[in-house]
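Everything below belongs to my_file_31.csv, which stores CSV, C-alpha atoms.
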```csv
chain,number,residue,atom,x,y,z
G,943,MET,CA,-31.2,-21.4,15.1
G,944,SER,CA,-29.4,-20.2,18.2
G,945,LEU,CA,-27.4,-22.6,20.2
G,946,ASP,CA,-26.9,-20.3,23.2
G,947,GLN,CA,-26.0,-22.2,26.3
G,948,GLN,CA,-27.4,-21.1,29.7
G,949,THR,CA,-26.1,-22.5,33.0
G,950,GLU,CA,-26.7,-21.7,36.7
G,951,LEU,CA,-23.7,-20.1,38.5
G,952,SER,CA,-22.3,-21.8,41.5
G,953,PRO,CA,-22.2,-20.0,44.9
G,954,ASP,CA,-18.4,-19.4,44.3
G,955,GLU,CA,-19.0,-17.9,40.9
G,956,ILE,CA,-21.8,-15.7,42.2
G,957,ARG,CA,-19.4,-14.4,44.9
G,958,GLU,CA,-16.7,-13.7,42.3
G,959,VAL,CA,-19.0,-11.7,40.1
G,960,LEU,CA,-20.4,-9.7,43.0
G,961,SER,CA,-16.9,-9.0,44.4
G,962,ARG,CA,-15.7,-7.8,41.0
G,963,HIS,CA,-18.4,-5.2,40.6
G,964,GLU,CA,-19.7,-2.3,42.6
G,965,THR,CA,-22.8,-1.2,40.8
G,966,GLY,CA,-26.2,-2.7,40.0
G,967,VAL,CA,-29.9,-1.9,39.7
G,968,LEU,CA,-32.0,-1.8,42.8
G,969,SER,CA,-35.7,-2.4,42.2
G,970,LEU,CA,-38.5,-1.6,44.7
G,971,ALA,CA,-42.2,-1.7,44.5
G,972,LYS,CA,-45.1,0.1,46.4
G,973,ALA,CA,-48.5,-1.4,45.8
G,974,ASP,CA,-48.4,-1.9,42.0
G,975,GLU,CA,-46.0,0.8,41.3
G,976,PRO,CA,-42.4,-0.2,40.4
G,977,TYR,CA,-39.2,1.8,41.0
G,978,ALA,CA,-35.7,1.0,39.8
G,979,ILE,CA,-32.5,2.9,40.3
G,980,PRO,CA,-28.8,2.4,39.5
G,981,ILE,CA,-26.8,2.1,42.8
G,982,SER,CA,-23.3,1.3,44.0
G,983,TYR,CA,-22.9,-1.4,46.7
G,984,GLY,CA,-20.5,-3.0,49.0
G,985,TYR,CA,-20.6,-6.8,49.2
G,986,ASP,CA,-19.4,-9.2,52.0
G,987,GLY,CA,-18.7,-12.5,50.4
G,988,GLU,CA,-18.6,-14.3,53.8
G,989,SER,CA,-22.0,-13.1,55.1
G,990,GLY,CA,-23.6,-12.6,51.7
G,991,ARG,CA,-24.9,-9.2,52.7
G,992,PHE,CA,-25.0,-6.1,50.5
G,993,TYR,CA,-24.3,-2.6,52.0
G,994,LEU,CA,-26.0,0.4,50.3
G,995,ARG,CA,-25.6,4.1,51.0
G,996,LEU,CA,-28.6,5.8,49.4
G,997,VAL,CA,-29.0,9.6,49.0
G,998,SER,CA,-32.4,11.3,48.6
G,999,THR,CA,-34.1,14.6,49.1
G,1000,PRO,CA,-37.2,15.1,51.2
G,1001,GLU,CA,-39.6,15.2,48.3
G,1002,SER,CA,-37.9,12.5,46.1
G,1003,GLU,CA,-39.6,9.5,44.7
G,1004,LYS,CA,-36.8,7.4,46.1
G,1005,ARG,CA,-37.7,8.5,49.7
G,1006,GLN,CA,-41.3,7.5,49.2
G,1007,PHE,CA,-40.2,3.9,48.3
G,1008,LEU,CA,-37.8,3.7,51.2
G,1009,THR,CA,-40.2,4.7,54.0
G,1010,SER,CA,-40.7,1.2,55.3
G,1011,SER,CA,-38.5,-1.9,54.9
G,1012,PRO,CA,-39.4,-2.7,51.3
G,1013,ARG,CA,-39.0,-5.9,49.4
G,1014,ALA,CA,-36.1,-5.4,47.0
G,1015,ARG,CA,-34.3,-7.0,44.1
G,1016,LEU,CA,-30.7,-6.1,43.3
G,1017,VAL,CA,-29.5,-7.1,39.8
G,1018,VAL,CA,-25.8,-7.1,38.9
G,1019,HIS,CA,-24.7,-8.1,35.4
G,1020,GLU,CA,-21.6,-8.3,33.2
G,1021,SER,CA,-20.8,-9.2,29.6
G,1022,ASN,CA,-17.6,-10.2,27.9
G,1023,ASP,CA,-17.1,-11.4,24.3
G,1024,GLY,CA,-20.3,-13.4,23.9
G,1025,SER,CA,-20.6,-14.4,27.6
G,1026,TYR,CA,-23.2,-12.8,29.9
G,1027,ARG,CA,-23.6,-13.3,33.6
G,1028,SER,CA,-26.4,-11.9,35.8
G,1029,ILE,CA,-27.0,-12.1,39.6
G,1030,ILE,CA,-30.3,-11.5,41.3
G,1031,ALA,CA,-30.5,-10.9,45.0
G,1032,GLU,CA,-34.0,-10.7,46.6
G,1033,GLY,CA,-34.9,-9.8,50.1
G,1034,THR,CA,-36.0,-7.1,52.5
G,1035,LEU,CA,-34.1,-3.8,52.5
G,1036,GLU,CA,-33.3,-2.9,56.1
G,1037,ARG,CA,-32.4,0.7,57.1
G,1038,VAL,CA,-29.4,0.8,59.5
G,1039,ASP,CA,-29.4,3.3,62.3
G,1040,PRO,CA,-26.0,5.1,62.4
G,1041,ASP,CA,-25.9,4.6,66.2
G,1042,GLU,CA,-25.8,0.8,65.5
G,1043,LEU,CA,-22.7,1.0,63.3
G,1044,THR,CA,-19.7,-1.2,64.3
G,1045,VAL,CA,-16.2,-1.0,62.9
G,1046,GLU,CA,-16.9,-4.0,60.7
G,1047,ARG,CA,-20.1,-2.5,59.3
G,1048,ILE,CA,-18.3,0.8,58.6
G,1049,VAL,CA,-15.7,-1.1,56.6
G,1050,GLN,CA,-18.4,-2.6,54.4
G,1051,TYR,CA,-20.1,0.8,53.8
G,1052,GLY,CA,-16.7,2.1,52.7
G,1053,LYS,CA,-16.9,-0.4,49.8
G,1054,ALA,CA,-20.2,1.2,48.7
G,1055,LYS,CA,-18.8,4.0,46.7
G,1056,ARG,CA,-20.5,7.4,46.9
G,1057,PRO,CA,-23.6,7.3,44.8
G,1058,LEU,CA,-22.0,7.2,41.3
G,1059,PHE,CA,-25.1,7.8,39.3
G,1060,GLU,CA,-26.8,10.7,41.2
G,1061,ILE,CA,-26.5,14.3,40.1
G,1062,TRP,CA,-28.2,16.8,42.3
G,1063,GLY,CA,-29.7,20.2,41.5
G,1064,GLU,CA,-30.5,20.8,45.1
G,1065,THR,CA,-28.1,22.1,47.7
G,1066,LYS,CA,-26.3,19.5,49.7
G,1067,ARG,CA,-28.0,20.5,52.9
G,1068,ASP,CA,-31.3,19.1,51.5
G,1069,LEU,CA,-29.8,15.6,50.9
G,1070,ASP,CA,-30.4,12.8,53.3
G,1071,ILE,CA,-27.9,9.9,53.3
G,1072,GLN,CA,-29.4,6.6,54.6
G,1073,LEU,CA,-27.6,3.3,55.1
G,1074,PHE,CA,-29.3,0.1,54.2
G,1075,GLU,CA,-28.4,-3.6,54.2
G,1076,LEU,CA,-29.8,-6.3,52.0
G,1077,ASP,CA,-29.5,-9.9,53.4
G,1078,PRO,CA,-30.8,-11.8,50.5
G,1079,GLU,CA,-33.4,-14.5,51.1
G,1080,THR,CA,-32.6,-15.7,47.6
G,1081,LEU,CA,-29.5,-15.3,45.6
G,1082,GLY,CA,-29.0,-16.8,42.1
G,1083,GLY,CA,-27.0,-16.3,39.0
G,1084,ARG,CA,-26.9,-17.4,35.4
G,1085,ALA,CA,-24.4,-17.5,32.6
G,1086,VAL,CA,-25.2,-17.4,29.0
G,1087,GLU,CA,-22.6,-18.3,26.4
G,1088,LEU,CA,-23.7,-17.1,22.9
G,1089,ASP,CA,-23.3,-19.4,20.0
G,1090,ALA,CA,-20.2,-18.1,18.1
G,1091,ALA,CA,-22.1,-18.1,14.8
G,1092,GLU,CA,-24.9,-16.0,16.3
G,1093,SER,CA,-22.6,-13.5,18.0
G,1094,ASP,CA,-20.8,-12.8,14.7
G,1095,LYS,CA,-24.0,-11.6,13.0
```

This entry written out as structure tokens:
Amino acid sequence: MSLDQQTELSPDEIREVLSRHETGVLSLAKADEPYAIPISYGYDGESGRFYLRLVSTPESEKRQFLTSSPRARLVVHESNDGSYRSIIAEGTLERVDPDELTVERIVQYGKAKRPLFEIWGETKRDLDIQLFELDPETLGGRAVELDAAESDK
């Protein structure tokens, strides 16, 4: 029998986890079709906003899911020696017009590293870089501490 212990993370603990990491999985949906991609992000702990720089090609599946302001979930997780934490941010992904960028916003996008997970066969001129922000309507986190006897198995 497992004695795993699950607890909700406090807002401060959520900010700590999000500030410690720069990658997560962004999930989008169109009608009943799901789409999830690994991304890198910048996070502002004061405003609670996520800053994403997404790269796509004109024919890409990603572009099809980003055409309007889609509902989105961003999942960030970590694990250390029998301890697991996960954060889920949910809200509407808003495209940012480059003409609307302020110095403060540019700093936040600088924290969103170049797309770490994307490898392109196309030439660079076919790539479209779009800036997005996610201001979560809900933001929650959980921690699970595994029972030591279970984690030794």

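Here atom CA of G:Ala978 and atom CA of G:Thr1034 stand 15.1 Å from one another.
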
Next item on the list: May I ask which of the residues G:Gly1083, G:Pro1012, G:Gly990, G:Pro953 is the closest one to G:Pro976, counting all atoms listed in the file?
Entry: G:Pro1012

Item checked: Nearest-residue call for G:Thr965, choices G:Phe1074, G:Ser1002, G:His1019, G:Glu1042, using only C-alpha atoms ->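 Checking each of G:Phe1074, G:Ser1002, G:His1019, G:Glu1042 against G:Thr965, counting only C-alpha atoms, the winner is G:His1019.
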
Margin query: Could you check the closest approach to G:Glu1079 for each of G:Leu970, G:Leu960, G:Val1038, G:Leu1016 and tell me which residue wins, using only C-alpha atoms?
Written below: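 So, comparing all the options, the nearest one is G:Leu1016.
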
Notebook entry, point to check: Just how far from atom CA of G:Glu955 is atom CA of G:Tyr985, in Å to one decimal?
Noted result: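 Going from atom CA of G:Tyr985 over to atom CA of G:Glu955, I get 14.0 Å.
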
Checklist line | Atom pair atom CA of G:Leu1081 / atom CA of G:Gln947: separation (Å) | finding: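 Interatomic distance, atom CA of G:Leu1081 to atom CA of G:Gln947: 20.8 Å.
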
Next item on the list: Find the residue from G:Ser1021, G:Gln1006, G:Thr1080, G:Thr1044 that sits nearest to G:Ala973; use all atoms listed in the file when measuring.
Entry: G:Gln1006

Item checked: Shell around G:Gly966 at 10 Å using only C-alpha atoms, local window under 4 positions removed, as an MDAnalysis selection string -> chainID G and resid 960 979:983 1016:1020 1029:1030

Notebook entry, point to check: Using only C-alpha atoms, which of the listed residues (G:Arg1084, G:Tyr1026, G:Asp1089, G:Ser969) sits closest to G:Ser952?
Noted result: G:Arg1084

Check: Taking only C-alpha atoms into account, which of G:Thr1009, G:Asn1022, G:Thr999, G:Ser1028 comes nearest G:Arg957?
Finding: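 Selected residue with least distance to G:Arg957: G:Ser1028.
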
Next item on the list: Just give me the residues with any atom within 12 Å of (-20.9, -17.8, 55.1), file coordinates, counting all atoms listed in the file, written as a list in words.
Entry: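 Residues found, by chain and rising number: Pro953, Asp954, Arg957, Asp986, Gly987, Glu988, Ser989, Gly990, Arg991 and Asp1077 of chain G.
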
Check: Need the neighbours of (-25.0, 5.6, 52.2): which residues are at most 7 Å away, counting only C-alpha atoms, as a PyMOL selection string?
Finding: chain G and resi 994-997+1071-1073
